[in-house]
file data31.cif (mmCIF, C-alpha atoms and all ligand atoms)
data_model
loop_
_atom_site.label_atom_id
_atom_site.label_comp_id
_atom_site.auth_asym_id
_atom_site.auth_seq_id
_atom_site.Cartn_x
_atom_site.Cartn_y
_atom_site.Cartn_z
CA MET M 286 48.65 58.46 62.70
CA THR M 287 46.18 58.85 65.55
CA ALA M 288 46.22 61.66 68.13
CA SER M 289 49.50 61.46 70.00
CA ALA M 290 48.41 62.08 73.59
CA PRO M 291 44.90 61.39 74.84
CA ARG M 292 43.13 64.60 75.76
CA ASP M 293 42.28 63.22 79.20
CA ASP M 294 46.02 62.88 79.88
CA PHE M 295 46.39 66.67 79.57
CA ASP M 296 43.11 67.15 81.49
CA ARG M 297 44.57 65.10 84.33
CA ARG M 298 47.92 66.88 84.34
CA ALA M 299 46.50 70.40 84.14
CA ALA M 300 46.13 71.05 87.90
CA THR M 301 49.84 70.47 88.59
CA TRP M 302 51.24 71.61 85.22
CA ASP M 303 52.59 74.90 86.59
CA ASP M 304 54.28 73.21 89.58
CA ASP M 305 57.24 72.30 87.37
CA PRO M 306 59.63 75.30 87.32
CA MET M 307 61.22 74.00 84.11
CA LYS M 308 57.94 74.65 82.25
CA THR M 309 57.80 78.26 83.45
CA ALA M 310 61.48 78.82 82.60
CA ARG M 311 60.93 77.29 79.14
CA ALA M 312 57.98 79.58 78.43
CA ARG M 313 59.94 82.61 79.66
CA ALA M 314 62.89 81.74 77.41
CA VAL M 315 60.61 81.35 74.37
CA ALA M 316 58.76 84.60 75.16
CA ASP M 317 62.08 86.47 75.51
CA ALA M 318 63.23 85.13 72.14
CA ILE M 319 59.93 86.12 70.49
CA GLN M 320 60.17 89.63 71.95
CA THR M 321 63.75 89.99 70.75
CA HIS M 322 62.81 88.84 67.25
CA LEU M 323 59.59 90.92 67.10
CA PRO M 324 60.15 94.11 69.11
CA ASP M 325 56.89 95.72 67.92
CA LEU M 326 54.42 93.40 69.68
CA ALA M 327 52.32 96.20 71.17
CA SER M 328 50.14 96.58 68.08
CA MET M 329 49.71 92.84 67.49
CA ARG M 330 46.75 90.51 67.94
CA GLY M 331 48.21 87.20 69.08
CA PHE M 332 47.04 83.59 68.85
CA GLU M 333 48.60 80.74 70.86
CA TYR M 334 47.78 77.19 69.79
CA GLY M 335 48.02 74.39 72.37
CA CYS M 336 48.32 76.98 75.13
CA GLY M 337 47.84 74.58 78.06
CA THR M 338 47.72 76.69 81.22
CA GLY M 339 48.91 79.72 79.25
CA LEU M 340 52.53 79.91 80.42
CA LEU M 341 53.80 81.36 77.12
CA SER M 342 50.93 83.81 76.72
CA PHE M 343 51.25 85.03 80.31
CA ALA M 344 54.88 85.82 79.58
CA LEU M 345 53.85 87.76 76.44
CA GLN M 346 50.51 89.31 77.32
CA SER M 347 51.68 92.63 78.74
CA SER M 348 53.51 93.31 75.45
CA LEU M 349 50.60 92.38 73.15
CA ARG M 350 47.37 94.16 72.26
CA GLU M 351 45.42 90.96 72.91
CA ILE M 352 45.92 87.21 72.69
CA VAL M 353 43.52 84.36 71.96
CA LEU M 354 44.60 81.12 73.68
CA ALA M 355 43.40 77.88 72.10
CA ASP M 356 43.55 74.32 73.42
CA ASN M 357 41.43 71.17 73.11
CA SER M 358 41.84 70.13 76.78
CA ASP M 359 39.04 71.29 79.07
CA GLY M 360 41.27 70.64 82.09
CA MET M 361 43.97 72.98 80.77
CA LEU M 362 41.38 75.62 79.85
CA ASP M 363 39.78 75.46 83.33
CA VAL M 364 43.16 76.15 84.99
CA LEU M 365 43.86 78.91 82.47
CA ARG M 366 40.52 80.65 83.09
CA CYS M 367 41.15 80.62 86.87
CA LYS M 368 44.60 82.15 86.35
CA ILE M 369 43.24 84.89 84.07
CA ASP M 370 40.42 85.67 86.52
CA SER M 371 42.66 85.83 89.56
CA ALA M 372 45.21 88.05 87.77
CA GLN M 373 42.31 90.21 86.44
CA ILE M 374 43.75 90.28 82.96
CA ASN M 375 41.42 91.43 80.20
CA ASN M 376 43.43 90.96 77.00
CA MET M 377 43.65 87.12 77.19
CA LYS M 378 40.77 85.14 75.64
CA PRO M 379 40.73 81.35 76.05
CA ILE M 380 38.87 79.21 73.50
CA ARG M 381 38.36 75.48 73.14
CA LEU M 382 39.66 74.61 69.69
CA ASP M 383 41.11 71.65 67.84
CA LEU M 384 42.29 72.91 64.48
CA SER M 385 42.51 69.31 63.20
CA THR M 386 38.71 69.04 63.27
CA ASP M 387 37.07 72.37 64.12
CA PRO M 388 36.39 75.22 61.71
CA LEU M 389 38.91 78.07 61.73
CA PRO M 390 37.98 80.98 64.01
CA GLY M 391 36.74 83.98 62.00
CA GLN M 392 39.39 86.33 63.40
CA GLN M 393 42.81 87.07 61.91
CA PHE M 394 46.00 87.56 63.88
CA ASP M 395 49.39 89.26 63.52
CA LEU M 396 51.24 86.61 65.54
CA ALA M 397 50.57 82.87 65.86
CA CYS M 398 52.69 81.04 68.41
CA SER M 399 52.95 77.61 69.91
CA LEU M 400 55.14 75.87 72.49
CA MET M 401 55.66 72.09 72.69
CA THR M 402 52.39 71.42 70.85
CA LEU M 403 53.37 70.77 67.23
CA HIS M 404 54.80 67.34 68.06
CA HIS M 405 51.36 66.29 69.36
CA ILE M 406 49.59 67.19 66.10
CA PRO M 407 49.62 64.28 63.66
CA ASP M 408 49.40 66.29 60.40
CA THR M 409 52.11 68.97 60.46
CA ASP M 410 51.38 70.27 56.94
CA ASP M 411 47.69 70.68 57.73
CA ILE M 412 48.33 72.64 60.93
CA LEU M 413 50.89 74.89 59.21
CA ARG M 414 48.34 75.67 56.47
CA LYS M 415 45.69 76.48 59.09
CA LEU M 416 48.02 78.71 61.10
CA HIS M 417 48.88 80.45 57.83
CA ALA M 418 45.17 80.99 57.12
CA LEU M 419 44.69 82.51 60.59
CA LEU M 420 47.37 85.14 60.01
CA ALA M 421 46.90 88.51 58.38
CA ASP M 422 49.25 89.26 55.45
CA PHE M 423 52.85 89.57 56.71
CA GLY M 424 51.79 88.05 60.05
CA HIS M 425 54.39 86.20 62.11
CA LEU M 426 54.61 82.53 63.05
CA CYS M 427 56.70 81.51 66.08
CA ILE M 428 56.76 77.78 66.82
CA ALA M 429 58.85 76.32 69.63
CA ASP M 430 59.33 72.58 69.78
CA LEU M 431 61.85 69.78 70.15
CA ASP M 432 64.63 69.09 67.73
CA ARG M 433 64.55 65.58 66.29
CA GLU M 434 65.14 63.09 69.12
CA ASP M 435 65.33 59.32 69.50
CA GLY M 436 61.89 58.83 71.06
CA SER M 437 63.19 58.85 74.63
CA PHE M 438 61.55 62.22 75.41
CA HIS M 439 58.07 60.66 75.71
CA GLY M 440 59.08 57.01 75.87
CA GLU M 441 57.19 53.95 74.68
CA GLY M 442 53.62 54.25 73.48
CA PHE M 443 53.92 57.82 72.18
CA ASP M 444 52.76 58.04 68.59
CA GLY M 445 53.33 61.74 67.92
CA HIS M 446 56.46 63.23 66.35
CA ASN M 447 59.83 62.60 67.94
CA GLY M 448 60.81 66.22 67.46
CA PHE M 449 61.49 67.82 64.10
CA ASP M 450 64.30 68.13 61.63
CA ARG M 451 64.73 71.89 61.16
CA ALA M 452 65.38 71.77 57.40
CA ASP M 453 62.35 69.54 56.84
CA LEU M 454 60.12 71.78 58.96
CA ALA M 455 61.39 74.88 57.12
CA ARG M 456 60.43 73.27 53.78
CA ARG M 457 56.97 72.44 55.11
CA ALA M 458 56.51 76.01 56.38
CA GLU M 459 57.54 77.43 53.01
CA HIS M 460 55.16 75.04 51.27
CA ALA M 461 52.36 76.29 53.54
CA GLY M 462 53.04 79.85 52.35
CA PHE M 463 55.60 81.19 54.83
CA THR M 464 58.83 82.99 54.03
CA ASN M 465 61.86 84.31 55.97
CA VAL M 466 62.06 81.03 57.91
CA ALA M 467 64.76 81.06 60.60
CA PHE M 468 65.61 79.00 63.68
CA SER M 469 67.35 79.51 66.97
CA THR M 470 67.91 77.24 69.96
CA VAL M 471 66.10 78.90 72.87
CA PHE M 472 66.07 76.31 75.66
CA THR M 473 67.32 72.88 76.65
CA ILE M 474 65.22 70.37 78.60
CA ASN M 475 67.28 67.99 80.73
CA LYS M 476 65.49 64.87 81.89
CA GLY M 477 65.65 61.11 82.37
CA LEU M 478 68.06 58.73 84.04
CA PRO M 479 70.73 58.86 82.85
CA GLU M 480 69.94 62.49 82.13
CA LYS M 481 69.61 63.50 78.48
CA SER M 482 69.45 66.95 76.92
CA TYR M 483 66.68 67.89 74.50
CA PRO M 484 67.19 71.22 72.70
CA VAL M 485 64.10 73.33 72.01
CA PHE M 486 64.12 75.44 68.84
CA LEU M 487 62.10 78.50 67.97
CA MET M 488 61.12 78.67 64.31
CA TYR M 489 60.25 82.15 63.05
CA ALA M 490 58.45 82.63 59.75
CA GLN M 491 56.36 85.27 58.06
CA LYS M 492 53.23 84.96 55.98
CA ARG M 493 53.70 86.02 52.38
CA ALA M 494 50.92 88.17 50.99
CA GLY M 495 48.47 86.37 48.70
CA LYS M 496 47.82 82.65 48.32
CA PRO M 497 50.42 80.01 49.36
C1 LIG M 501 53.03 69.63 75.95
S1 LIG M 501 51.59 70.58 76.25
C2 LIG M 501 52.23 72.24 76.14
C3 LIG M 501 51.38 73.23 76.85
C4 LIG M 501 51.93 74.66 76.88
N1 LIG M 501 52.13 75.15 75.54
C5 LIG M 501 53.22 74.72 77.66
O1 LIG M 501 54.29 74.81 77.05
O2 LIG M 501 53.18 74.68 78.89
C6 LIG M 501 50.70 70.41 74.71
C7 LIG M 501 49.37 71.16 74.71
O3 LIG M 501 48.79 71.01 73.43
C8 LIG M 501 47.41 70.71 73.58
N2 LIG M 501 46.98 69.97 72.39
C9 LIG M 501 47.40 68.76 71.96
N3 LIG M 501 46.77 68.41 70.83
C10 LIG M 501 45.95 69.46 70.52
C11 LIG M 501 45.05 69.72 69.46
N4 LIG M 501 44.85 68.83 68.48
N5 LIG M 501 44.36 70.90 69.46
C12 LIG M 501 44.54 71.80 70.47
N6 LIG M 501 45.40 71.62 71.49
C13 LIG M 501 46.10 70.46 71.52
C14 LIG M 501 47.33 69.89 74.86
O4 LIG M 501 46.05 69.88 75.42
C15 LIG M 501 48.35 70.58 75.73
O5 LIG M 501 47.78 71.65 76.46
#
call {"tool": "encode", "arguments": {"input": "data31.cif", "output": "structure tokens", "more": "lines below"}}
Ligand SMILES: C[S@@+](CC[C@H](N)C(=O)[O-])C[C@H]1O[C@@H](n2cnc3c(N)ncnc32)[C@H](O)[C@@H]1O
result
Amino acid sequence: MTASAPRDDFDRRAATWDDDPMKTARARAVADAIQTHLPDLASMRGFEYGCGTGLLSFALQSSLREIVLADNSDGMLDVLRCKIDSAQINNMKPIRLDLSTDPLPGQQFDLACSLMTLHHIPDTDDILRKLHALLADFGHLCIADLDREDGSFHGEGFDGHNGFDRADLARRAEHAGFTNVAFSTVFTINKGLPEKSYPVFLMYAQKRAGKP
């Protein structure tokens, strides 16, 4: 499978990404669910993969020690840097990173999170292994994405994943070395004509100590 959405598509959409109130509400709902599941965020070093303009990390940053925000779209990262500068926030660190091809950052994290990005990554097992490698022992993984859908969410021409089957994703996470895998439904995206509902899950998992 090739990359699911050309990078320049996200570059192009970056400037108006935050204009959609649904995206802000979705990030807020996911952040609230993460904070409920992990009340002790204050001591944690966070990592968000596929951060876009940083909506999820902005909703989490005041609760976290620090957060590294990674994306492979320069357009998204430009918008993100402007937002961090104008809010004068000093615990958010944007980096350009594509874990499919780039070496892993040297740092380790206590929380790795992601919102609506996993379905754009062709090799799910590979990315789960890499997120596992980025976490310290007993670190937490929180991935929010679409439940399995019929392909209508992106429409024709999309060659990423049409959402995920929760049981299948749980098996893949366990295979990558995670334990305590659990899911909840945290948001619903309504779109299209006629309108359809697309539930968004949050998968929680924890890194086991030692090798996968
Ligand atoms: C649907 S957007 C979600 C953005 C943000 N998480 C949000 O919810 O507003 C997917 C994001 O994943 C990024 N992305 C896609 N493939 C990627 C890859 N291989 N490596 C890093 N980022 C990637 C895109 O650039 C985009 O910012």
call {"tool": "atom_distance", "arguments": {"input": "data31.cif", "atom1": "CA of Ser482 (chain M)", "atom2": "atom C4 of ligand LIG 501 (chain M)"}}
result
19.1 Å
call {"tool": "residues_near_ligand", "arguments": {"input": "data31.cif", "ligand": "ligand LIG 501 (chain M)", "cutoff": "9 Å", "atoms": "all atoms listed in the file", "output": "PyMOL selection string"}}
result
chain M and resi 288-296+299+302-303+308-309+311-312+333-342+355-362+381-386+399-407+429
call {"tool": "closest_residue", "arguments": {"input": "data31.cif", "among": "M:Asp432, M:Arg313, M:Phe438, M:His446", "to": "Pro484 (chain M)", "atoms": "only C-alpha atoms"}}
result
M:Asp432
call {"tool": "atom_distance", "arguments": {"input": "data31.cif", "atom1": "CA of Asp430 (chain M)", "atom2": "CA of Leu487 (chain M)"}}
result
6.8 Å
call {"tool": "closest_residue", "arguments": {"input": "data31.cif", "among": "M:Phe394, M:Tyr483, M:Phe443, M:Phe343", "to": "Leu365 (chain M)", "atoms": "all atoms listed in the file"}}
result
M:Phe343
call {"tool": "residues_around", "arguments": {"input": "data31.cif", "residues": "His322 (chain M)", "least_positions_apart": "3", "cutoff": "12 Å", "atoms": "only C-alpha atoms", "output": "ChimeraX atom specification"}}
result
/M:315-319,325-326,396,425-427,467-469,471,487-491
call {"tool": "closest_residue", "arguments": {"input": "data31.cif", "among": "M:Cys398, M:Leu431, M:Ile369, M:Ile474", "to": "Asn447 (chain M)", "atoms": "all atoms listed in the file"}}
result
M:Leu431
call {"tool": "atom_distance", "arguments": {"input": "data31.cif", "atom1": "CA of Ala310 (chain M)", "atom2": "CA of Phe472 (chain M)"}}
result
8.7 Å
call {"tool": "residues_around", "arguments": {"input": "data31.cif", "residues": "Ile352 (chain M)", "least_positions_apart": "6", "cutoff": "7 Å", "atoms": "all atoms listed in the file", "output": "number ranges by chain"}}
result
M: 330-332, 346, 376-378
call {"tool": "closest_residue", "arguments": {"input": "data31.cif", "among": "M:Arg433, M:Ile428, M:Arg493, M:Met329", "to": "Gln393 (chain M)", "atoms": "only C-alpha atoms"}}
result
M:Met329
call {"tool": "closest_residue", "arguments": {"input": "data31.cif", "among": "M:Gly477, M:Asp408, M:Ala300, M:Arg457", "to": "Lys368 (chain M)", "atoms": "all atoms listed in the file"}}
result
M:Ala300
